[in-house]
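Just below is one structure, and these are the notes that go with it.
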Amino acid sequence: MPQINHVVLAVACAFASGVVAPGKVHAVPSHGIAMYGEPALPPDFVSLPYAYPDAPKGGSITYGRSGSFDSLHPWIVKGRAPWEIRSHVYETLLGRSYDEPFTLYGLLAETVETGPDRDWVEFTLRPEARFSDGSPVTVEDLLWSFETLGTEGHPRYSLSWKKIESAMQTGERTVRFTFNTVDRELPLILGLRPVLQKSQWDGKGFGESSLDIPIGSGPYVVEEFEPGRFIRFARDTDYWGKDLSFNRGRHNFDKITYEYFGDGGVVFEAFKAGEIDIYREWNAAKWDSNYDFPAVRTNAVVKSEIYHQRPSGIRGFVFNTRREKFTDIRVRDALIHAFNFELTNAIMNDGKLPRIQSYFSNSVLGAKPGPATGKVLELLLPFKNEIPEDALEGYTLPVSDGSERNRKNILLARDLFQSAGWSIDTDGVLKNADGEAFEFEILVVQGAHDTMSIAEIYIESLKRLGIQAEITLVDSSQYQERTNAYDFDVAWYRRSMSLSPGNEQRLYWGREGVETPGTRNWMGVASDAVEAMIAAILEAREQSDFIAGVRALDRILTANRFVIPVWYSNFSRLAYKAELRFPESIPIYGDWIGFLPDVWWYEKPAAE
């Protein structure tokens with residue numbers, strides 16, 4: 001682990017006397033950095049391609065959220081903080097363009113540089129960068145933030161921190177990180193680390209939940225809040241970065257408010273009543289049937305479908321393989337066969353949405369049908385005895401006839417259970433040789449009505465196998481607490497995927513997450529093959545090698561049957577008040593991070 005405070009003191013004299021850090025002969029400071037190739041935008045770009053640089057400033061937007069919050073400290077596992085604090089109040093060294101797979105441009109840092117092997121990276125802070133209280137963003141803040149997040153923050157930060165051999169100040173506003181492992185994505189990951197104000201934490205425990213108003217360098221400040229009810233952000237009129245090219249056309253609202261409701265259905269009713277300004281509809285059938293209220297008929301509310309080109313990600317019920325009953329892949333396979341997707345899709349979506357076939361489907365990164373070939377096969381073969389056979393041969397999800405009986409798949413599920421040592425006794429109950437019934441709990445957050453409906457349909461199917469499954473409803477805080485501790489049998493699971501997967505894959509399914517609380521490895525993956533595929537992704541120099549690594553990882557995860565996948569959509573459904581506008585140019589990631597509310601604006605109707 002790097003001892004930053006000692007290193008800073010040691011290097012201060014070095015840069016003051018003109019000593020140049022080693023290994024920089026071929027490095028050139030740049031306005032941006034791309035995972036592969038060069039940034040698409042030149043140094044003198046006017047704005048991000050999906051932002052409207054002349055968007056008017058002013059107005060407000062109000063969201064509805066189901067759930068609650070009890071903290072304003074989003075960097076730790078404890079407490080439940082609004083995630084929007086991270087994007088509105090805090091800033092990172094570099095900012096991401098969502099019109100490229102993975103390219104970053106200078107934000108707090110005016111330049112970034114790294115060598116051809118990317119075994120180190122240097123960031124130079126902008127001299128004008130300021131926190132909201134007017135104090136400068138310093139190298140000391142930067143180094144303290146990275147070390148504190150890596151050692152005391154959420155587990156997602158520790159994975160990268162362990163790869164840093166040293167961190168040192170090499171100039172008045174310049175910091176250099178040297179790595180101890182091969183990871184070509186790491187310069188970009190560090191570029192996306194937030195910089196916190198060190199002095200705000202003097203005399204405070206960083207690892208404790210807090211309701212103290214955060215001080216960041218971002219475009220908004222927390223204006224007002226009431227735990228569990230609402231939080232309001234106000235645009236900082238003295239924001240230091242408002243004239244940066246990266247920010248032109250962004251951060252347009254004067255006020256951004258998030259109202260919290262205990263139930264997802266109440267959020268929609270609040271939208272219909274005009275109490276909130278925008279609503280994201282996940283249900284395809286409801287999109288067609290539930291939007292005939294007066295505000296829609298008078299065009300006071302607008303409906304838009306916003307398309308994207310990102311992977312499907314994974315969404316559905318996840319098995320916790322830390323539980324003994326789910327360790328056997330035959331059991332997981334049987335439970336997937338018992339899930340009647342075609343019937344559920346018909347009930348929930350009028351059968352309109354395609355099923356998620358793999359973790360990266362709907363993109364070039366998704367595994368191809370049939371046997372593995374080429375570089376993908378080369379990556380998988382060393383793990384032939386560890387991975388499921390159909391990771392090599394190709395895995396396809398079971399398809400039902402759409403009837404309620406789902407007879408063929410139920411019979412296949414019964415046979416799979418029997419091969420795993422479970423059989424239906426004379427009382428119609430599925431039991432093992434010790435007479436223990438196969439029972440499990442499905443954890444669902446209160447207010448998630450669609451999830452509840454899907455679970456209820458599934459439970460009826462399971463009864464045909466003699467399985468007693470129960471739904472446990474908990475509030476959002478309990479849901480986070482239990483999933484952070486992996487205290488569940490089956491839970492609703494959703495992981496979005498980018499067009500440039502990398503280090504976050506270790507957080508999703510790295511072995512360390514089996515026991516470390518708070519990671520996203522809910523299923524408990526512990527696999528040498530998975531670790532090797534993630535390493536192949538991170539070490540790839542050519543895009544073809546990178547794609548092969550992702551496809552190989554996709555095959556392993558899908559074939560292991562960790563999740564019962566449901567459906568996806570290649571567009572978002574947004575209903576919103578007519579005063580809200582967004583640019584005509586949509587980024588390749590569509591309606592995702594960096595789009596709403598970042599590049600939206602408020603525009604009064606002409607009648608006003």
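Each chain of the structure tokens is named A, B, ... in the order shown, its residues numbered from 1; ligands are numbered from 1 in display order.
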Practice task
as number ranges by chain, list the residues of segment 275-505 of chain A assigned to helix (DSSP H, G or I) by DSSP on the backbone atoms of this structure.
Solution key: A: 284-289, 294-297, 324-326, 329-338, 341-349, 374-383, 389-393, 407-419, 449-465, 476-484, 504-505
Problem - Residues flagged strand (DSSP E) by DSSP in segment 120-354 of chain A, as a ChimeraX atom specification - result: /A:120-125,164-171,174-179,220-226,230-235,255-261,278-281,301-307,314-319
Handout entry: Counting only C-alpha atoms, the residue of A:Gly79, A:Gly262, A:Gly32, A:Gly447 that sits nearest Phe230 of chain A
Key =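 Closest residue, counting only C-alpha atoms: A:Gly262.
The neighbours of Leu343 of chain A here are the residues that come within 9 Å of it, using only C-alpha atoms and leaving out any residue fewer than 4 positions away in the same chain; they are Ile347, Met348, Gly351, Ser400, Asp401, Gly402, Ser403, Glu404, Asn406 and Ile457 of chain A.
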Handout entry: Contacts of segment 442-445 of chain A at 8 Å (only C-alpha atoms; same-chain gap of 3+ positions) as JSON, numbers by chain
Key = {"A": [448, 451, 452, 455, 469, 470, 471, 472, 473, 474, 475, 476, 479, 488, 489, 490, 491, 492]}
Quick one: residues within 12 Å of Val364 of chain A, only C-alpha atoms, excluding same-chain residues fewer than 3 positions away - as a compact mmCIF listing (two decimals) with all heavy atoms, in the first residue's frame?
```txt
# COMPACT_ATOMS: atom_id res chain seq x y z
N PRO A 101 -17.17 4.95 -26.52
CA PRO A 101 -17.21 3.80 -25.61
C PRO A 101 -16.58 4.09 -24.25
O PRO A 101 -17.15 3.80 -23.21
CB PRO A 101 -16.45 2.72 -26.38
CG PRO A 101 -16.70 3.05 -27.81
CD PRO A 101 -16.70 4.55 -27.87
N GLN A 309 -27.27 2.34 -27.79
CA GLN A 309 -26.48 1.27 -28.40
C GLN A 309 -25.64 0.52 -27.37
O GLN A 309 -24.63 -0.09 -27.71
CB GLN A 309 -25.57 1.87 -29.48
CG GLN A 309 -26.30 2.61 -30.58
CD GLN A 309 -25.37 3.36 -31.50
OE1 GLN A 309 -24.37 2.81 -31.97
NE2 GLN A 309 -25.66 4.62 -31.76
N ARG A 310 -26.02 0.57 -26.12
CA ARG A 310 -25.24 -0.07 -25.07
C ARG A 310 -25.71 -1.52 -24.85
O ARG A 310 -26.80 -1.89 -25.27
CB ARG A 310 -25.35 0.72 -23.77
CG ARG A 310 -26.74 0.82 -23.19
CD ARG A 310 -26.76 1.68 -21.92
NE ARG A 310 -28.07 1.66 -21.28
CZ ARG A 310 -29.02 2.56 -21.50
NH1 ARG A 310 -28.81 3.55 -22.36
NH2 ARG A 310 -30.18 2.47 -20.88
N PRO A 311 -24.90 -2.33 -24.18
CA PRO A 311 -25.28 -3.72 -23.92
C PRO A 311 -26.54 -3.81 -23.04
O PRO A 311 -26.87 -2.89 -22.29
CB PRO A 311 -24.07 -4.29 -23.18
CG PRO A 311 -22.93 -3.41 -23.56
CD PRO A 311 -23.53 -2.04 -23.73
N SER A 312 -27.17 -4.96 -23.12
CA SER A 312 -28.40 -5.19 -22.35
C SER A 312 -28.14 -5.19 -20.84
O SER A 312 -29.01 -4.82 -20.05
CB SER A 312 -29.03 -6.53 -22.73
OG SER A 312 -28.16 -7.59 -22.39
N TYR A 359 -24.97 -11.31 -20.67
CA TYR A 359 -24.67 -10.09 -19.94
C TYR A 359 -24.35 -8.91 -20.85
O TYR A 359 -24.48 -7.76 -20.46
CB TYR A 359 -23.52 -10.34 -18.96
CG TYR A 359 -23.87 -11.25 -17.82
CD1 TYR A 359 -24.29 -12.57 -18.04
CD2 TYR A 359 -23.79 -10.82 -16.51
CE1 TYR A 359 -24.62 -13.41 -17.00
CE2 TYR A 359 -24.10 -11.66 -15.44
CZ TYR A 359 -24.53 -12.96 -15.71
OH TYR A 359 -24.85 -13.79 -14.66
N PHE A 360 -23.89 -9.20 -22.07
CA PHE A 360 -23.52 -8.14 -23.01
C PHE A 360 -24.29 -8.24 -24.31
O PHE A 360 -23.82 -7.76 -25.34
CB PHE A 360 -22.01 -8.19 -23.28
CG PHE A 360 -21.17 -7.88 -22.07
CD1 PHE A 360 -20.74 -8.90 -21.23
CD2 PHE A 360 -20.82 -6.58 -21.77
CE1 PHE A 360 -19.96 -8.61 -20.11
CE2 PHE A 360 -20.05 -6.28 -20.66
CZ PHE A 360 -19.62 -7.30 -19.82
N SER A 361 -25.47 -8.87 -24.29
CA SER A 361 -26.25 -8.97 -25.52
C SER A 361 -26.67 -7.58 -25.99
O SER A 361 -26.59 -6.60 -25.25
CB SER A 361 -27.46 -9.88 -25.31
OG SER A 361 -28.27 -9.44 -24.24
N ALA A 367 -21.48 -12.54 -26.39
CA ALA A 367 -21.04 -13.83 -26.90
C ALA A 367 -21.85 -14.23 -28.13
O ALA A 367 -23.07 -14.05 -28.18
CB ALA A 367 -21.18 -14.89 -25.81
N LYS A 368 -21.17 -14.79 -29.11
CA LYS A 368 -21.84 -15.24 -30.33
C LYS A 368 -22.47 -16.62 -30.11
O LYS A 368 -21.97 -17.42 -29.32
CB LYS A 368 -20.84 -15.30 -31.48
CG LYS A 368 -20.22 -13.96 -31.84
CD LYS A 368 -21.27 -12.97 -32.31
CE LYS A 368 -20.65 -11.65 -32.73
NZ LYS A 368 -21.68 -10.66 -33.11
N SER A 498 -21.38 -1.25 -19.73
CA SER A 498 -20.95 -0.23 -20.67
C SER A 498 -20.36 -0.88 -21.91
O SER A 498 -20.22 -2.11 -21.99
CB SER A 498 -19.91 0.70 -20.03
OG SER A 498 -18.65 0.06 -19.98
N LEU A 499 -19.98 -0.05 -22.88
CA LEU A 499 -19.31 -0.54 -24.08
C LEU A 499 -17.81 -0.71 -23.85
O LEU A 499 -17.09 -1.08 -24.77
CB LEU A 499 -19.56 0.43 -25.24
CG LEU A 499 -21.00 0.42 -25.77
CD1 LEU A 499 -21.26 1.65 -26.62
CD2 LEU A 499 -21.27 -0.85 -26.57
N SER A 500 -17.37 -0.43 -22.63
CA SER A 500 -15.95 -0.59 -22.30
C SER A 500 -15.81 -1.16 -20.91
O SER A 500 -15.31 -0.51 -19.99
CB SER A 500 -15.22 0.75 -22.40
OG SER A 500 -13.84 0.59 -22.19
N GLN A 543 -8.09 -3.85 -29.73
CA GLN A 543 -9.52 -3.93 -29.50
C GLN A 543 -10.05 -5.34 -29.74
O GLN A 543 -10.95 -5.80 -29.05
CB GLN A 543 -10.26 -2.93 -30.38
CG GLN A 543 -11.72 -2.76 -29.98
CD GLN A 543 -12.35 -1.55 -30.64
OE1 GLN A 543 -11.96 -1.16 -31.72
NE2 GLN A 543 -13.33 -0.95 -29.98
N SER A 544 -9.45 -6.06 -30.70
CA SER A 544 -9.91 -7.42 -30.99
C SER A 544 -9.66 -8.35 -29.79
O SER A 544 -10.48 -9.21 -29.48
CB SER A 544 -9.20 -7.97 -32.22
OG SER A 544 -7.79 -7.98 -32.04
N PHE A 546 -9.50 -7.30 -26.67
CA PHE A 546 -10.44 -6.83 -25.65
C PHE A 546 -11.82 -7.45 -25.88
O PHE A 546 -12.43 -7.99 -24.94
CB PHE A 546 -10.52 -5.31 -25.70
CG PHE A 546 -11.71 -4.72 -25.01
CD1 PHE A 546 -11.77 -4.66 -23.62
CD2 PHE A 546 -12.78 -4.22 -25.73
CE1 PHE A 546 -12.87 -4.12 -22.97
CE2 PHE A 546 -13.88 -3.68 -25.10
CZ PHE A 546 -13.93 -3.63 -23.72
N ILE A 547 -12.31 -7.41 -27.10
CA ILE A 547 -13.63 -7.97 -27.42
C ILE A 547 -13.65 -9.47 -27.13
O ILE A 547 -14.62 -10.00 -26.58
CB ILE A 547 -14.01 -7.68 -28.88
CG1 ILE A 547 -14.25 -6.17 -29.07
CG2 ILE A 547 -15.25 -8.47 -29.29
CD1 ILE A 547 -14.49 -5.76 -30.51
N ALA A 548 -12.57 -10.18 -27.49
CA ALA A 548 -12.51 -11.62 -27.22
C ALA A 548 -12.58 -11.89 -25.73
O ALA A 548 -13.27 -12.83 -25.29
CB ALA A 548 -11.22 -12.20 -27.81
N VAL A 550 -14.04 -10.05 -23.40
CA VAL A 550 -15.39 -9.80 -22.91
C VAL A 550 -16.33 -10.92 -23.33
O VAL A 550 -17.16 -11.40 -22.54
CB VAL A 550 -15.93 -8.44 -23.42
CG1 VAL A 550 -17.35 -8.20 -22.91
CG2 VAL A 550 -15.02 -7.31 -22.97
N ARG A 551 -16.22 -11.37 -24.56
CA ARG A 551 -17.09 -12.46 -25.03
C ARG A 551 -16.83 -13.75 -24.25
O ARG A 551 -17.77 -14.49 -23.96
CB ARG A 551 -16.88 -12.68 -26.53
CG ARG A 551 -17.46 -11.57 -27.39
CD ARG A 551 -17.18 -11.81 -28.87
NE ARG A 551 -17.81 -10.79 -29.70
CZ ARG A 551 -17.60 -10.67 -31.02
NH1 ARG A 551 -16.79 -11.52 -31.63
NH2 ARG A 551 -18.21 -9.72 -31.70
N ASP A 554 -18.41 -13.31 -20.91
CA ASP A 554 -19.87 -13.40 -21.09
C ASP A 554 -20.32 -14.86 -21.13
O ASP A 554 -21.31 -15.25 -20.51
CB ASP A 554 -20.25 -12.68 -22.38
CG ASP A 554 -21.74 -12.37 -22.46
OD1 ASP A 554 -22.41 -12.34 -21.40
OD2 ASP A 554 -22.23 -12.14 -23.58
```
Problem - Residue neighbourhood segment 369-376 of chain A, 9 Å, only C-alpha atoms, exclusion window fewer than 5 positions, as a PyMOL selection string - result: chain A and resi 381+390-396+544-545+547-552+555
Keeping all heavy atoms for every residue in the selection just given, could you write it to a file as a compact mmCIF listing (two decimals), in the first residue's frame?
```txt
# COMPACT_ATOMS: atom_id res chain seq x y z
N LEU A 381 -10.03 -22.41 -23.25
CA LEU A 381 -9.53 -23.80 -23.19
C LEU A 381 -8.71 -24.12 -21.94
O LEU A 381 -8.84 -25.22 -21.39
CB LEU A 381 -8.71 -24.10 -24.45
CG LEU A 381 -9.54 -24.49 -25.68
CD1 LEU A 381 -8.63 -24.70 -26.88
CD2 LEU A 381 -10.38 -25.75 -25.41
N ASP A 390 -21.10 -25.96 -21.70
CA ASP A 390 -21.74 -25.12 -22.71
C ASP A 390 -21.20 -23.69 -22.72
O ASP A 390 -21.64 -22.88 -23.53
CB ASP A 390 -23.27 -25.12 -22.59
CG ASP A 390 -23.77 -25.07 -21.17
OD1 ASP A 390 -23.00 -24.65 -20.29
OD2 ASP A 390 -24.94 -25.43 -20.94
N ALA A 391 -20.22 -23.38 -21.86
CA ALA A 391 -19.49 -22.13 -22.06
C ALA A 391 -18.65 -22.24 -23.33
O ALA A 391 -18.41 -21.25 -24.03
CB ALA A 391 -18.59 -21.83 -20.86
N LEU A 392 -18.20 -23.45 -23.62
CA LEU A 392 -17.46 -23.72 -24.85
C LEU A 392 -18.37 -24.03 -26.02
O LEU A 392 -18.15 -23.55 -27.14
CB LEU A 392 -16.50 -24.89 -24.63
CG LEU A 392 -15.31 -24.64 -23.71
CD1 LEU A 392 -14.68 -25.96 -23.28
CD2 LEU A 392 -14.28 -23.77 -24.41
N GLU A 393 -19.40 -24.80 -25.77
CA GLU A 393 -20.27 -25.26 -26.86
C GLU A 393 -21.38 -24.26 -27.20
O GLU A 393 -21.93 -24.30 -28.30
CB GLU A 393 -20.90 -26.61 -26.49
CG GLU A 393 -19.88 -27.73 -26.31
CD GLU A 393 -19.05 -27.94 -27.56
OE1 GLU A 393 -19.61 -27.86 -28.67
OE2 GLU A 393 -17.83 -28.14 -27.42
N GLY A 394 -21.70 -23.37 -26.28
CA GLY A 394 -22.77 -22.40 -26.52
C GLY A 394 -23.98 -22.72 -25.66
O GLY A 394 -24.43 -23.86 -25.61
N TYR A 395 -24.48 -21.71 -24.95
CA TYR A 395 -25.62 -21.90 -24.05
C TYR A 395 -26.81 -21.09 -24.55
O TYR A 395 -26.66 -19.94 -24.98
CB TYR A 395 -25.25 -21.46 -22.64
CG TYR A 395 -26.44 -21.40 -21.69
CD1 TYR A 395 -27.02 -22.56 -21.20
CD2 TYR A 395 -26.98 -20.17 -21.30
CE1 TYR A 395 -28.10 -22.52 -20.34
CE2 TYR A 395 -28.07 -20.11 -20.43
CZ TYR A 395 -28.63 -21.29 -19.96
OH TYR A 395 -29.71 -21.24 -19.11
N THR A 396 -27.96 -21.70 -24.51
CA THR A 396 -29.19 -20.98 -24.85
C THR A 396 -30.22 -21.18 -23.73
O THR A 396 -30.30 -22.26 -23.14
CB THR A 396 -29.80 -21.47 -26.19
OG1 THR A 396 -30.02 -22.88 -26.12
CG2 THR A 396 -28.87 -21.15 -27.35
N SER A 544 -9.45 -6.06 -30.70
CA SER A 544 -9.91 -7.42 -30.99
C SER A 544 -9.66 -8.35 -29.79
O SER A 544 -10.48 -9.21 -29.48
CB SER A 544 -9.20 -7.97 -32.22
OG SER A 544 -7.79 -7.98 -32.04
N ASP A 545 -8.52 -8.14 -29.10
CA ASP A 545 -8.24 -8.94 -27.91
C ASP A 545 -9.19 -8.58 -26.77
O ASP A 545 -9.63 -9.45 -26.00
CB ASP A 545 -6.80 -8.73 -27.45
CG ASP A 545 -5.79 -9.29 -28.44
OD1 ASP A 545 -6.13 -10.24 -29.17
OD2 ASP A 545 -4.67 -8.76 -28.49
N ILE A 547 -12.31 -7.41 -27.10
CA ILE A 547 -13.63 -7.97 -27.42
C ILE A 547 -13.65 -9.47 -27.13
O ILE A 547 -14.62 -10.00 -26.58
CB ILE A 547 -14.01 -7.68 -28.88
CG1 ILE A 547 -14.25 -6.17 -29.07
CG2 ILE A 547 -15.25 -8.47 -29.29
CD1 ILE A 547 -14.49 -5.76 -30.51
N ALA A 548 -12.57 -10.18 -27.49
CA ALA A 548 -12.51 -11.62 -27.22
C ALA A 548 -12.58 -11.89 -25.73
O ALA A 548 -13.27 -12.83 -25.29
CB ALA A 548 -11.22 -12.20 -27.81
N GLY A 549 -11.89 -11.07 -24.92
CA GLY A 549 -11.94 -11.26 -23.48
C GLY A 549 -13.33 -11.06 -22.91
O GLY A 549 -13.78 -11.83 -22.05
N VAL A 550 -14.04 -10.05 -23.40
CA VAL A 550 -15.39 -9.80 -22.91
C VAL A 550 -16.33 -10.92 -23.33
O VAL A 550 -17.16 -11.40 -22.54
CB VAL A 550 -15.93 -8.44 -23.42
CG1 VAL A 550 -17.35 -8.20 -22.91
CG2 VAL A 550 -15.02 -7.31 -22.97
N ARG A 551 -16.22 -11.37 -24.56
CA ARG A 551 -17.09 -12.46 -25.03
C ARG A 551 -16.83 -13.75 -24.25
O ARG A 551 -17.77 -14.49 -23.96
CB ARG A 551 -16.88 -12.68 -26.53
CG ARG A 551 -17.46 -11.57 -27.39
CD ARG A 551 -17.18 -11.81 -28.87
NE ARG A 551 -17.81 -10.79 -29.70
CZ ARG A 551 -17.60 -10.67 -31.02
NH1 ARG A 551 -16.79 -11.52 -31.63
NH2 ARG A 551 -18.21 -9.72 -31.70
N ALA A 552 -15.57 -14.01 -23.93
CA ALA A 552 -15.25 -15.20 -23.14
C ALA A 552 -15.83 -15.09 -21.73
O ALA A 552 -16.41 -16.05 -21.20
CB ALA A 552 -13.74 -15.40 -23.08
N ARG A 555 -19.58 -15.69 -21.85
CA ARG A 555 -19.91 -17.11 -21.95
C ARG A 555 -19.86 -17.79 -20.58
O ARG A 555 -20.75 -18.58 -20.23
CB ARG A 555 -18.94 -17.82 -22.91
CG ARG A 555 -19.25 -17.60 -24.38
CD ARG A 555 -18.23 -18.27 -25.27
NE ARG A 555 -18.66 -18.23 -26.67
CZ ARG A 555 -19.32 -19.20 -27.28
NH1 ARG A 555 -19.62 -20.31 -26.61
NH2 ARG A 555 -19.70 -19.10 -28.53
```
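Ranking A:Thr321, A:Thr344, A:Ser66, A:Asn299 by their shortest atom-to-atom distance to Val563 of chain A, with only C-alpha atoms included, puts A:Thr321 first.
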Handout entry: Given only C-alpha atoms as the counted atoms, nearest of A:Leu353, A:Ala575, A:Met35, A:Ala285 to Phe341 of chain A
Key =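 Looking at the shortest contact to Phe341 of chain A, the residue is A:Leu353.
For the atom pair formed by atom CA of Glu342 of chain A and atom CA of Tyr568 of chain A, the distance is 13.6 Å, given to one decimal.
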Exercise for the section: Return the single residue from A:Ala413, A:Ile537, A:Leu143, A:Ile314 that is closest to Ile329 of chain A, with distances computed using only C-alpha atoms. Expected result: A:Ala413
Exercise for the section: Mind giving me the straight-line distance from atom CA of Glu305 of chain A to atom CA of Glu584 of chain A in Å, one decimal? Expected result: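 Value for the atom CA of Glu305 of chain A-atom CA of Glu584 of chain A distance: 12.4 Å.
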Practice task
Can you work out which one of A:Arg407, A:Arg414, A:His154, A:His251 has the shortest atom-to-atom distance to Leu465 of chain A, counting only C-alpha atoms?
Solution key: A:Arg414
Exercise for the section: May I have the residues within 9 Å of Ala420 of chain A as a PyMOL selection string, using only C-alpha atoms and disregarding those fewer than 4 positions away in the same chain? Expected result: chain A and resi 328-331+415-416+432
Exercise for the section: Point out the residue among A:Arg322, A:Arg297, A:Arg405, A:Lys384 with the least atom-to-atom distance to Phe339 of chain A, counting only C-alpha atoms. Expected result: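 Of A:Arg322, A:Arg297, A:Arg405, A:Lys384, the one nearest Phe339 of chain A, counting only C-alpha atoms, is A:Arg405.
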Counting only C-alpha atoms, which residues of segment 51-153 of chain A fall within 10 Å of segment 196-200 of chain A, and what is the closest atom pair for each with its distance in Å at one decimal, ordered by chain and rising number, as CSV?
```
residue,atom,partner,partner_atom,distance
A:Tyr90,CA,A:Leu196,CA,7.3
A:Glu91,CA,A:Leu196,CA,8.3
A:Thr92,CA,A:Leu196,CA,9.2
A:Arg130,CA,A:Gln197,CA,9.9
A:Phe131,CA,A:Gln197,CA,7.4
A:Ser132,CA,A:Gln197,CA,10.0
A:Ser135,CA,A:Gln197,CA,9.0
A:Pro136,CA,A:Gln197,CA,9.2
A:Val137,CA,A:Gln197,CA,7.4
A:Thr138,CA,A:Gln197,CA,8.7
A:Glu140,CA,A:Lys198,CA,7.7
A:Asp141,CA,A:Lys198,CA,5.2
A:Leu142,CA,A:Leu196,CA,7.1
A:Leu143,CA,A:Lys198,CA,9.3
A:Trp144,CA,A:Lys198,CA,6.6
A:Ser145,CA,A:Leu196,CA,5.6
A:Phe146,CA,A:Leu196,CA,8.8
A:Thr148,CA,A:Lys198,CA,9.6
A:Leu149,CA,A:Leu196,CA,9.5
```
Writing out the chosen residues with C-alpha atoms as a tab-separated table (two decimals), in the first residue's frame:
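The resulting selection-v6.tsv:
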```
chain	number	residue	atom	x	y	z
A	90	TYR	CA	-18.58	16.28	-6.39
A	91	GLU	CA	-16.27	16.21	-9.39
A	92	THR	CA	-13.58	13.96	-10.79
A	130	ARG	CA	-12.33	25.58	-6.49
A	131	PHE	CA	-14.61	23.97	-3.93
A	132	SER	CA	-18.01	25.54	-3.36
A	135	SER	CA	-11.08	27.27	-1.35
A	136	PRO	CA	-8.76	25.85	-4.05
A	137	VAL	CA	-8.69	22.19	-5.02
A	138	THR	CA	-5.15	21.16	-4.14
A	140	GLU	CA	-3.12	17.60	-0.93
A	141	ASP	CA	-6.91	17.20	-1.35
A	142	LEU	CA	-6.37	14.89	-4.31
A	143	LEU	CA	-3.86	12.60	-2.60
A	144	TRP	CA	-5.84	12.47	0.64
A	145	SER	CA	-9.05	11.66	-1.24
A	146	PHE	CA	-7.55	8.77	-3.19
A	148	THR	CA	-8.91	7.66	2.10
A	149	LEU	CA	-11.35	6.26	-0.43
```
